[in-house]
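upload-v2.cif (mmCIF, C-alpha atoms and all ligand atoms)
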data_start
#
loop_
_atom_site.label_atom_id
_atom_site.label_comp_id
_atom_site.auth_asym_id
_atom_site.auth_seq_id
_atom_site.Cartn_x
_atom_site.Cartn_y
_atom_site.Cartn_z
CA MET A 1 61.04 336.74 165.10
CA ASP A 2 60.20 335.51 168.59
CA GLN A 3 57.68 332.78 168.97
CA GLN A 4 57.44 330.96 172.24
CA THR A 5 55.76 327.76 173.33
CA PRO A 6 57.01 325.13 175.76
CA SER A 7 57.31 321.34 175.13
CA LYS A 8 59.07 319.20 172.57
CA LYS A 9 59.45 320.79 169.16
CA ARG A 10 58.90 318.75 166.02
CA VAL A 11 61.24 319.61 163.16
CA ALA A 12 60.97 318.30 159.60
CA VAL A 13 64.41 317.91 158.07
CA ILE A 14 64.89 318.06 154.30
CA PRO A 15 68.63 317.91 153.48
CA GLY A 16 67.97 318.03 149.71
CA ASP A 17 70.83 317.87 147.21
CA GLY A 18 74.60 318.15 147.00
CA ILE A 19 76.23 319.71 150.05
CA GLY A 20 72.81 320.02 151.68
CA GLN A 21 73.21 316.33 152.53
CA GLU A 22 76.57 317.03 154.16
CA VAL A 23 75.91 320.22 156.10
CA ILE A 24 72.47 319.39 157.52
CA PRO A 25 73.74 316.36 159.51
CA GLN A 26 76.24 318.74 161.15
CA ALA A 27 73.43 321.14 162.06
CA LEU A 28 71.49 318.23 163.61
CA LYS A 29 74.55 317.20 165.64
CA ALA A 30 74.83 320.71 167.04
CA ILE A 31 71.14 320.79 167.96
CA ARG A 32 71.39 317.41 169.71
CA ALA A 33 74.52 318.51 171.55
CA SER A 34 72.72 321.63 172.80
CA GLY A 35 70.21 319.45 174.63
CA ALA A 36 67.30 321.15 172.86
CA ASP A 37 64.07 319.23 173.28
CA VAL A 38 63.58 318.62 169.58
CA GLU A 39 62.40 315.61 167.61
CA PHE A 40 63.45 315.23 163.96
CA SER A 41 61.69 313.55 161.03
CA GLU A 42 63.70 313.35 157.85
CA PHE A 43 62.29 313.61 154.33
CA ASP A 44 64.11 312.56 151.14
CA TRP A 45 62.64 315.24 148.88
CA GLY A 46 65.27 316.24 146.35
CA ALA A 47 66.91 315.30 143.06
CA ASP A 48 67.63 311.61 143.86
CA ARG A 49 64.02 310.98 144.77
CA TYR A 50 62.76 312.93 141.75
CA LEU A 51 65.01 310.99 139.39
CA ARG A 52 63.91 307.71 141.00
CA ASP A 53 60.14 308.08 140.91
CA GLY A 54 59.26 311.55 139.62
CA MET A 55 58.09 312.83 143.02
CA THR A 56 59.09 316.30 144.12
CA VAL A 57 56.58 316.96 146.92
CA PRO A 58 53.87 314.44 147.87
CA PRO A 59 50.30 315.63 147.23
CA ASP A 60 49.64 316.65 150.83
CA GLY A 61 53.28 317.60 151.50
CA PHE A 62 52.93 321.27 152.44
CA ALA A 63 49.74 320.68 154.44
CA MET A 64 51.54 317.88 156.29
CA LEU A 65 54.49 320.15 157.15
CA GLU A 66 52.14 322.81 158.49
CA ARG A 67 50.03 320.33 160.42
CA ASP A 68 52.65 318.04 161.93
CA PHE A 69 55.70 320.25 162.48
CA ASP A 70 56.80 323.36 164.35
CA ALA A 71 59.57 324.14 161.85
CA VAL A 72 61.34 322.85 158.76
CA LEU A 73 65.13 322.68 158.44
CA ALA A 74 66.18 322.46 154.78
CA GLY A 75 69.56 322.07 153.07
CA ALA A 76 69.82 323.01 149.41
CA PHE A 77 68.13 322.07 146.16
CA GLY A 78 69.71 321.94 142.70
CA ASP A 79 71.35 319.14 140.78
CA PRO A 80 73.02 319.13 137.36
CA ARG A 81 71.13 315.92 136.53
CA VAL A 82 67.89 317.94 136.63
CA PRO A 83 68.69 320.80 134.25
CA THR A 84 65.16 322.26 134.47
CA ASN A 85 65.58 322.60 138.25
CA ILE A 86 61.91 321.66 138.46
CA HIS A 87 62.30 319.79 141.76
CA ALA A 88 64.02 322.78 143.40
CA LYS A 89 61.26 325.04 142.19
CA GLU A 90 58.55 322.73 143.50
CA ILE A 91 60.20 321.96 146.85
CA LEU A 92 62.00 325.16 147.85
CA LEU A 93 59.91 327.83 146.15
CA GLY A 94 56.92 325.56 146.88
CA MET A 95 57.52 325.85 150.62
CA ARG A 96 58.08 329.60 150.41
CA PHE A 97 55.01 330.26 148.26
CA LYS A 98 52.49 327.60 149.27
CA MET A 99 53.21 327.89 152.99
CA ASP A 100 53.14 331.66 152.47
CA LEU A 101 56.49 332.21 154.23
CA TYR A 102 56.56 335.82 153.20
CA ALA A 103 59.53 337.11 155.20
CA ASN A 104 62.94 335.82 154.22
CA VAL A 105 65.12 336.99 157.08
CA ARG A 106 68.83 336.91 156.30
CA PRO A 107 71.08 338.12 159.11
CA VAL A 108 74.49 339.42 158.04
CA ARG A 109 77.05 339.11 160.81
CA LEU A 110 80.79 339.09 160.62
CA LEU A 111 82.08 336.72 163.31
CA ASP A 112 85.76 337.54 162.94
CA ALA A 113 87.65 340.31 161.12
CA ALA A 114 89.81 337.66 159.40
CA LEU A 115 86.76 336.51 157.40
CA CYS A 116 85.95 339.87 155.82
CA PRO A 117 87.55 340.82 152.51
CA LEU A 118 87.34 344.52 153.46
CA LYS A 119 90.27 346.26 155.11
CA GLY A 120 89.81 347.40 158.71
CA VAL A 121 86.29 346.00 159.05
CA GLY A 122 85.49 343.95 162.16
CA PRO A 123 82.49 342.25 163.78
CA LYS A 124 81.08 345.48 165.21
CA ASP A 125 80.96 346.95 161.70
CA VAL A 126 78.89 344.21 160.05
CA ASP A 127 75.70 343.38 161.92
CA PHE A 128 72.70 344.01 159.73
CA VAL A 129 69.76 342.05 158.40
CA VAL A 130 68.10 341.79 155.02
CA ILE A 131 64.33 341.28 155.09
CA ARG A 132 63.53 339.90 151.66
CA GLU A 133 59.99 339.65 150.31
CA ASN A 134 59.62 335.92 149.66
CA THR A 135 56.33 335.22 147.85
CA GLU A 136 56.06 337.69 144.96
CA GLY A 137 58.09 339.69 142.46
CA VAL A 138 59.66 338.03 139.47
CA TYR A 139 59.76 334.76 141.43
CA THR A 140 56.07 334.19 140.68
CA ASP A 141 57.42 333.21 137.25
CA ALA A 142 54.42 334.76 135.56
CA GLY A 143 54.84 335.45 131.86
CA GLY A 144 55.48 333.41 128.79
CA VAL A 145 57.48 332.85 125.66
CA PHE A 146 55.95 333.48 122.29
CA LYS A 147 57.20 332.59 118.83
CA GLN A 148 59.94 330.57 120.49
CA GLY A 149 62.89 329.73 118.29
CA THR A 150 62.08 332.38 115.70
CA THR A 151 63.74 335.72 115.18
CA ASP A 152 60.52 337.30 116.50
CA GLU A 153 60.75 335.48 119.84
CA ILE A 154 59.24 337.34 122.81
CA ALA A 155 60.02 336.45 126.44
CA ILE A 156 57.94 338.13 129.13
CA GLN A 157 58.82 337.85 132.83
CA GLU A 158 56.36 339.70 135.02
CA ASP A 159 57.20 341.42 138.29
CA ILE A 160 54.15 340.94 140.52
CA ASN A 161 53.82 343.28 143.50
CA THR A 162 50.61 343.32 145.52
CA ARG A 163 49.56 345.94 148.01
CA LYS A 164 49.11 343.21 150.63
CA GLY A 165 52.48 341.62 149.90
CA VAL A 166 54.44 344.87 149.93
CA GLU A 167 52.70 346.15 153.03
CA ARG A 168 53.23 343.02 155.11
CA ILE A 169 56.95 342.77 154.35
CA ILE A 170 57.54 346.45 155.10
CA ARG A 171 55.61 346.12 158.35
CA TYR A 172 57.66 343.05 159.20
CA ALA A 173 60.86 345.04 158.71
CA PHE A 174 59.76 347.85 161.02
CA GLU A 175 58.58 345.38 163.65
CA TYR A 176 61.84 343.45 163.34
CA CYS A 177 63.74 346.70 163.87
CA GLU A 178 61.71 347.44 167.00
CA ARG A 179 61.99 343.98 168.52
CA ASN A 180 65.54 342.88 167.76
CA LYS A 181 68.82 344.11 169.09
CA LYS A 182 72.27 344.00 167.57
CA LEU A 183 74.74 341.40 168.81
CA ASP A 184 76.39 344.00 171.06
CA GLY A 185 73.05 344.62 172.77
CA SER A 186 72.43 348.05 171.23
CA PRO A 187 69.00 348.70 169.71
CA ARG A 188 68.34 348.58 165.99
CA GLN A 189 67.43 352.05 164.73
CA ARG A 190 67.04 352.26 160.96
CA VAL A 191 65.05 350.66 158.17
CA LEU A 192 66.35 351.13 154.66
CA MET A 193 64.20 350.29 151.67
CA CYS A 194 66.11 349.16 148.62
CA ASP A 195 64.46 349.27 145.20
CA LYS A 196 64.93 350.36 141.61
CA SER A 197 62.05 352.82 141.50
CA ASN A 198 63.91 355.12 139.13
CA ALA A 199 63.57 352.54 136.34
CA MET A 200 60.80 350.21 137.52
CA THR A 201 58.32 352.94 138.29
CA HIS A 202 55.08 350.98 138.67
CA ALA A 203 56.29 348.48 141.26
CA GLY A 204 58.70 351.04 142.72
CA GLY A 205 55.89 353.55 143.16
CA LEU A 206 53.86 351.07 145.21
CA TRP A 207 56.86 350.22 147.41
CA GLN A 208 57.64 353.93 147.90
CA ARG A 209 54.09 354.84 148.90
CA VAL A 210 53.67 351.93 151.28
CA PHE A 211 57.09 352.55 152.84
CA LYS A 212 56.19 356.14 153.53
CA GLU A 213 52.84 355.20 155.00
CA VAL A 214 54.14 352.44 157.29
CA SER A 215 57.15 354.46 158.40
CA GLY A 216 54.72 357.13 159.63
CA GLU A 217 53.50 354.59 162.20
CA HIS A 218 57.04 354.19 163.57
CA PRO A 219 58.30 357.72 164.14
CA GLN A 220 61.13 356.54 166.40
CA ILE A 221 62.71 354.51 163.58
CA ALA A 222 64.93 356.35 161.09
CA VAL A 223 64.14 355.64 157.45
CA GLN A 224 66.39 355.58 154.43
CA HIS A 225 66.12 354.69 150.79
CA MET A 226 68.71 353.47 148.31
CA TYR A 227 68.56 352.25 144.76
CA VAL A 228 69.82 348.70 144.59
CA ASP A 229 72.82 349.53 142.41
CA ALA A 230 74.07 352.22 144.78
CA LEU A 231 73.43 349.93 147.72
CA CYS A 232 75.69 347.23 146.21
CA MET A 233 78.48 349.77 145.89
CA GLN A 234 77.98 350.95 149.47
CA MET A 235 77.99 347.38 150.77
CA VAL A 236 81.50 346.72 149.53
CA ARG A 237 82.84 350.21 150.29
CA ASP A 238 81.53 350.53 153.83
CA PRO A 239 78.82 348.27 155.28
CA ARG A 240 78.81 350.00 158.69
CA PRO A 241 75.70 352.17 158.18
CA PHE A 242 73.39 349.23 157.38
CA ASP A 243 70.90 348.11 160.00
CA VAL A 244 67.60 346.66 158.66
CA ILE A 245 67.23 346.48 154.87
CA VAL A 246 63.87 345.63 153.30
CA THR A 247 63.61 344.77 149.63
CA ASN A 248 61.86 342.68 147.01
CA ASN A 249 62.43 339.03 146.24
CA MET A 250 65.05 339.32 143.51
CA PHE A 251 67.07 342.20 144.91
CA GLY A 252 67.02 340.39 148.25
CA ASP A 253 68.43 337.27 146.61
CA ILE A 254 71.26 339.16 144.97
CA ILE A 255 72.29 341.43 147.83
CA THR A 256 72.34 338.54 150.32
CA ASP A 257 74.96 336.69 148.29
CA LEU A 258 76.94 339.94 148.19
CA ALA A 259 76.43 340.30 151.93
CA ALA A 260 77.53 336.68 152.43
CA GLY A 261 80.83 337.78 150.92
CA LEU A 262 81.28 340.20 153.83
CA GLN A 263 80.75 337.36 156.31
CA GLY A 264 83.34 334.99 154.88
CA GLY A 265 81.41 333.58 151.95
CA LEU A 266 78.28 331.60 151.31
CA GLY A 267 79.34 328.92 153.75
CA MET A 268 78.72 331.33 156.65
CA ALA A 269 75.28 332.74 155.84
CA ALA A 270 72.06 331.70 157.60
CA SER A 271 68.43 332.39 156.76
CA ALA A 272 64.84 332.00 157.92
CA ASN A 273 61.62 331.90 155.89
CA ILE A 274 58.93 333.14 158.23
CA HIS A 275 55.19 333.57 158.42
CA PRO A 276 54.53 334.63 161.99
CA GLY A 277 52.37 332.06 163.75
CA LYS A 278 52.79 329.40 161.05
CA THR A 279 55.28 326.58 160.55
CA SER A 280 58.35 328.35 159.18
CA MET A 281 61.37 327.07 157.25
CA PHE A 282 65.06 327.58 157.95
CA GLU A 283 67.89 327.05 155.43
CA PRO A 284 71.43 328.24 154.81
CA VAL A 285 71.71 330.89 152.08
CA HIS A 286 74.01 328.77 149.93
CA GLY A 287 73.02 326.28 147.26
CA SER A 288 73.96 322.66 146.61
CA ALA A 289 77.47 323.57 145.31
CA PRO A 290 77.81 320.60 142.91
CA PRO A 291 81.57 321.01 142.32
CA ILE A 292 82.42 320.46 145.99
CA ALA A 293 79.58 318.06 146.85
CA GLY A 294 80.53 314.67 148.28
CA LYS A 295 84.07 315.80 149.09
CA ASN A 296 83.66 316.61 152.79
CA MET A 297 84.75 320.17 151.93
CA ALA A 298 81.60 322.25 152.40
CA ASN A 299 81.51 324.70 155.26
CA PRO A 300 78.77 323.53 157.65
CA PHE A 301 78.66 326.76 159.69
CA GLY A 302 75.94 328.47 157.63
CA ALA A 303 73.72 325.44 158.24
CA ILE A 304 74.69 325.24 161.93
CA LEU A 305 74.00 328.96 162.42
CA THR A 306 70.67 328.43 160.64
CA ALA A 307 69.87 325.75 163.21
CA ALA A 308 70.56 328.34 165.93
CA VAL A 309 68.23 330.85 164.24
CA MET A 310 65.56 328.14 164.14
CA LEU A 311 65.96 327.24 167.81
CA ALA A 312 65.77 330.90 168.80
CA TYR A 313 62.59 331.25 166.78
CA LEU A 314 61.14 328.21 168.55
CA GLY A 315 61.89 329.88 171.89
CA LEU A 316 64.97 327.75 172.66
CA THR A 317 67.22 330.77 173.08
CA LYS A 318 69.67 329.23 175.55
CA GLU A 319 70.40 326.33 173.20
CA ALA A 320 70.64 328.71 170.24
CA GLY A 321 73.14 330.85 172.14
CA LYS A 322 75.33 327.83 172.90
CA ILE A 323 75.48 326.91 169.23
CA GLU A 324 76.28 330.46 168.10
CA GLY A 325 78.99 330.67 170.74
CA ALA A 326 80.54 327.41 169.57
CA VAL A 327 80.64 328.52 165.92
CA LEU A 328 82.22 331.79 166.98
CA GLU A 329 84.92 329.91 168.87
CA ALA A 330 85.50 327.52 165.97
CA VAL A 331 85.98 330.47 163.62
CA ARG A 332 88.40 332.17 166.01
CA GLU A 333 90.43 328.99 166.48
CA LYS A 334 90.21 328.11 162.77
CA LYS A 335 88.58 324.77 163.56
CA ALA A 336 86.92 325.18 160.21
CA THR A 337 86.86 324.24 156.53
CA SER A 338 89.32 325.61 153.98
CA ASP A 339 86.99 328.29 152.53
CA ILE A 340 87.45 330.25 155.78
CA GLY A 341 91.06 329.39 156.40
CA GLY A 342 90.81 326.13 158.33
CA THR A 343 92.06 322.64 157.53
CA LEU A 344 89.12 320.53 158.70
CA GLY A 345 86.54 318.66 156.66
CA THR A 346 82.78 319.25 156.89
CA ARG A 347 82.29 316.40 159.37
CA GLU A 348 85.29 317.30 161.50
CA ALA A 349 84.30 320.98 161.75
CA GLY A 350 80.76 319.89 162.66
CA GLU A 351 82.13 317.47 165.23
CA TRP A 352 84.29 320.18 166.81
CA VAL A 353 81.30 322.50 167.13
CA ALA A 354 79.06 319.75 168.56
CA ASN A 355 81.73 318.84 171.14
CA PHE A 356 82.11 322.48 172.14
CA VAL A 357 78.32 322.83 172.43
CA SER A 358 77.99 319.77 174.65
CA ARG A 359 80.71 321.09 176.97
CA GLY A 360 79.09 324.55 177.12
P1 LIG A 401 76.06 327.79 145.43
O1 LIG A 401 75.67 328.55 146.64
O2 LIG A 401 75.75 326.35 145.45
O3 LIG A 401 77.64 327.98 145.21
C1 LIG A 401 78.24 329.22 144.91
C2 LIG A 401 79.72 329.19 145.30
O4 LIG A 401 79.86 329.15 146.71
C3 LIG A 401 80.46 327.96 144.79
O5 LIG A 401 81.79 328.32 144.52
C4 LIG A 401 80.41 327.01 145.97
O6 LIG A 401 81.45 326.07 145.97
C5 LIG A 401 80.52 327.99 147.14
N1 LIG A 401 79.83 327.49 148.33
C6 LIG A 401 78.49 327.47 148.52
N2 LIG A 401 78.20 326.94 149.72
C7 LIG A 401 79.38 326.63 150.28
C8 LIG A 401 79.74 326.05 151.53
N3 LIG A 401 78.83 325.68 152.43
N4 LIG A 401 81.05 325.85 151.79
C9 LIG A 401 82.00 326.23 150.91
N5 LIG A 401 81.72 326.79 149.72
C10 LIG A 401 80.42 326.98 149.42
O7 LIG A 401 75.38 328.52 144.19
P2 LIG A 401 75.37 328.12 142.64
O8 LIG A 401 76.66 327.48 142.26
O9 LIG A 401 74.91 329.30 141.94
O10 LIG A 401 74.21 327.03 142.53
C11 LIG A 401 74.38 325.60 142.59
C12 LIG A 401 73.00 324.95 142.65
O11 LIG A 401 72.36 325.27 143.88
C13 LIG A 401 72.04 325.43 141.55
O12 LIG A 401 71.25 324.33 141.17
C14 LIG A 401 71.20 326.48 142.23
O13 LIG A 401 69.96 326.68 141.64
C15 LIG A 401 71.09 325.88 143.61
N6 LIG A 401 70.83 326.85 144.69
C16 LIG A 401 69.99 326.44 145.67
C17 LIG A 401 69.77 327.24 146.77
C18 LIG A 401 68.86 326.76 147.83
O14 LIG A 401 68.42 325.61 147.81
N7 LIG A 401 68.52 327.57 148.82
C19 LIG A 401 70.44 328.45 146.88
C20 LIG A 401 71.32 328.85 145.86
C21 LIG A 401 71.51 328.03 144.77
C1 LIG A 402 68.30 331.42 147.50
C2 LIG A 402 68.43 330.74 146.16
C3 LIG A 402 67.07 330.57 145.51
C4 LIG A 402 66.49 331.95 145.30
C5 LIG A 402 67.09 329.77 144.18
C6 LIG A 402 67.64 328.38 144.39
C7 LIG A 402 65.74 329.71 143.52
O1 LIG A 402 69.30 331.45 145.34
O2 LIG A 402 67.66 330.86 148.39
O3 LIG A 402 68.90 332.49 147.69
O4 LIG A 402 66.78 332.60 144.30
O5 LIG A 402 65.75 332.39 146.16
MN MN A 403 70.31 333.08 146.34
#

Can you present the structure in this file as structure tokens?
Amino acid sequence: MDQQTPSKKRVAVIPGDGIGQEVIPQALKAIRASGADVEFSEFDWGADRYLRDGMTVPPDGFAMLERDFDAVLAGAFGDPRVPTNIHAKEILLGMRFKMDLYANVRPVRLLDAALCPLKGVGPKDVDFVVIRENTEGVYTDAGGVFKQGTTDEIAIQEDINTRKGVERIIRYAFEYCERNKKLDGSPRQRVLMCDKSNAMTHAGGLWQRVFKEVSGEHPQIAVQHMYVDALCMQMVRDPRPFDVIVTNNMFGDIITDLAAGLQGGLGMAASANIHPGKTSMFEPVHGSAPPIAGKNMANPFGAILTAAVMLAYLGLTKEAGKIEGAVLEAVREKKATSDIGGTLGTREAGEWVANFVSRG
């Protein structure tokens, strides 16, 4: 994921809906405290704006992000007042698809044994990454409904898998494995492809063939395959063998919420939406969490860790390291929200981290 250039970085900030508006300010505080040479521009794209004037993304919105910014930091999108979720689709999936951010990189790291629901599992046991295809699959929303409302109704949801799309995400996973180390400094060694090729044979066949082909170019990397159902079972029984997992859009969505459970819940999980060489987008894995929104309860650490992933991607590794270190300390000292055993509010937990970062 490395991409390096000097000088001030320009970051577009889109907090979005619900707890996105609470956690993103905490991520910005941490970035400022780290001394990173970053300039923010905030955008109000989200449910409020959509309900006010019908705008989801301005006409040149994606082109503007690509032209004027080095990265995008987003919160979450989804609001019960917009039951169709049309704004989330246009903004969030819009960025992923229209900016062609094909690699959704979701690191899974357990910061402290106390956060993991599994017995006897500690930080050294959970340090893997899910590389999720981010521009195809069932998320293309191709299909249609026919004879709606009748007893003959037909709903078709297509699973689109292109040779180009499958090949580039599998290549990304192998290259990620080669270039990135585990937290303890040891090399990554294995790429596991997760699919459902026993039932979905057409798409599965393509993934299988491409995986075999690309793995042949990386003889030093061990390869593995698991069906997604078996992988889910393995993840909660014993996550230790996982290293780099590559999978399609929908399976990647599902297994990363499961994996978030290993890390202490959705409030702890970070993610990056990458197209190497292009403006990429960074967001916590969680959604807008309407039931806890506006209550100063949401865990800001997933968003703060996402900020660290973004800074590292922008080449600001020292600043990223300070932020990760501060979150680790906050978790250990329980200077955190109630979902991970603390007693602080969103703002107070964010404040604690920012103070720790500025001292570091
Ligand atoms: P969610 O991630 O918002 O919440 C799932 C559960 O996790 C809830 O119990 C919630 O309270 C908890 N949770 C999530 N983030 C938390 C945090 N930071 N701190 C503490 N607890 C946290 O998922 P959902 O309930 O399925 O979806 C709610 C809305 O968000 C929907 O509109 C959905 O489409 C949207 N969504 C958006 C994104 C995104 O923008 N990336 C991701 C997932 C869901
Ligand atoms: C995620 C979310 C999105 C997804 C939704 C909001 C469309 O769940 O980022 O994981 O399914 O990709
Ligand atoms: Mn999801």

Nearby residues (all atoms listed in the file) at most 8 Å from stretch 220-226 of chain A, same-chain spacing under 6 positions excluded, as a PyMOL selection string = chain A and resi 174+177-178+189-195

Point-to-point distance from atom CA of A:Asp68 to atom CA of A:Tyr176, Å rounded to tenths = 27.1 Å

Residues at most 10 Å from ligand MN 403 (chain A), using only C-alpha atoms and all ligand atoms? Could they come as a ChimeraX atom specification?
-> /A:249-258,266,284-287

All residues having an atom within 9 Å of ligand LIG 401 (chain A) (all atoms listed in the file) as a PyMOL selection string = chain A and resi 16-20+23+74-80+82-83+85+88-89+92-93+253+257+265-269+283-293+297-303+337-340+346

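Using only C-alpha atoms, the shortest contact distance between A:Thr201 and any of A:Asn180, A:Thr317, A:Asn161, A:Asn355 is found at A:Asn161.
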
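Proximity to A:Ile91 was assessed for A:Ala114, A:Arg240, A:Met281, A:Gly205 counting all atoms listed in the file; the smallest distance is recorded for A:Met281.
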
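Remark: for ligand LIG 402 (chain A), the closest of the candidate residues A:Ser41, A:Thr343, A:Asn134, A:Thr84 is A:Asn134 (distances computed over only C-alpha atoms and all ligand atoms).
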
What does the distance between atom CA of A:Val11 and atom CA of A:Phe40 come to in Å, to one decimal place?
-> 5.0 Å

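Take atom CA of A:Arg10 and atom CA of A:Glu329: the distance between them is 28.5 Å.
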
Using only C-alpha atoms, find the one residue out of A:Ala33, A:Ile323, A:Val126, A:Ile131 that sits nearest to A:Val105.
-> A:Ile131

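Shortest separation to ligand LIG 402 (chain A) among A:Met95, A:Ala71, A:Ile154, A:Leu231 occurs at residue A:Met95, atoms counted being only C-alpha atoms and all ligand atoms.
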
Find the residues around A:Ala199 up to 12 Å (all atoms listed in the file counted), leave out those fewer than 5 positions away in its own chain, and share them as a list in words.
-> Gly204, Gly205, Tyr227, Val228 and Asp229 of chain A

Compile the contact shell of A:Val327 as an MDAnalysis selection string: residues with an atom at most 9 Å away, counting only C-alpha atoms, same-chain residues fewer than 5 positions apart removed.
-> chainID A and resid 111 301 304:305 322 332 353 356:357

Of the residues A:Glu90, A:Glu319, A:Asp152, A:Glu324, which is the one nearest to ligand LIG 402 (chain A), using only C-alpha atoms and all ligand atoms?
-> A:Glu90
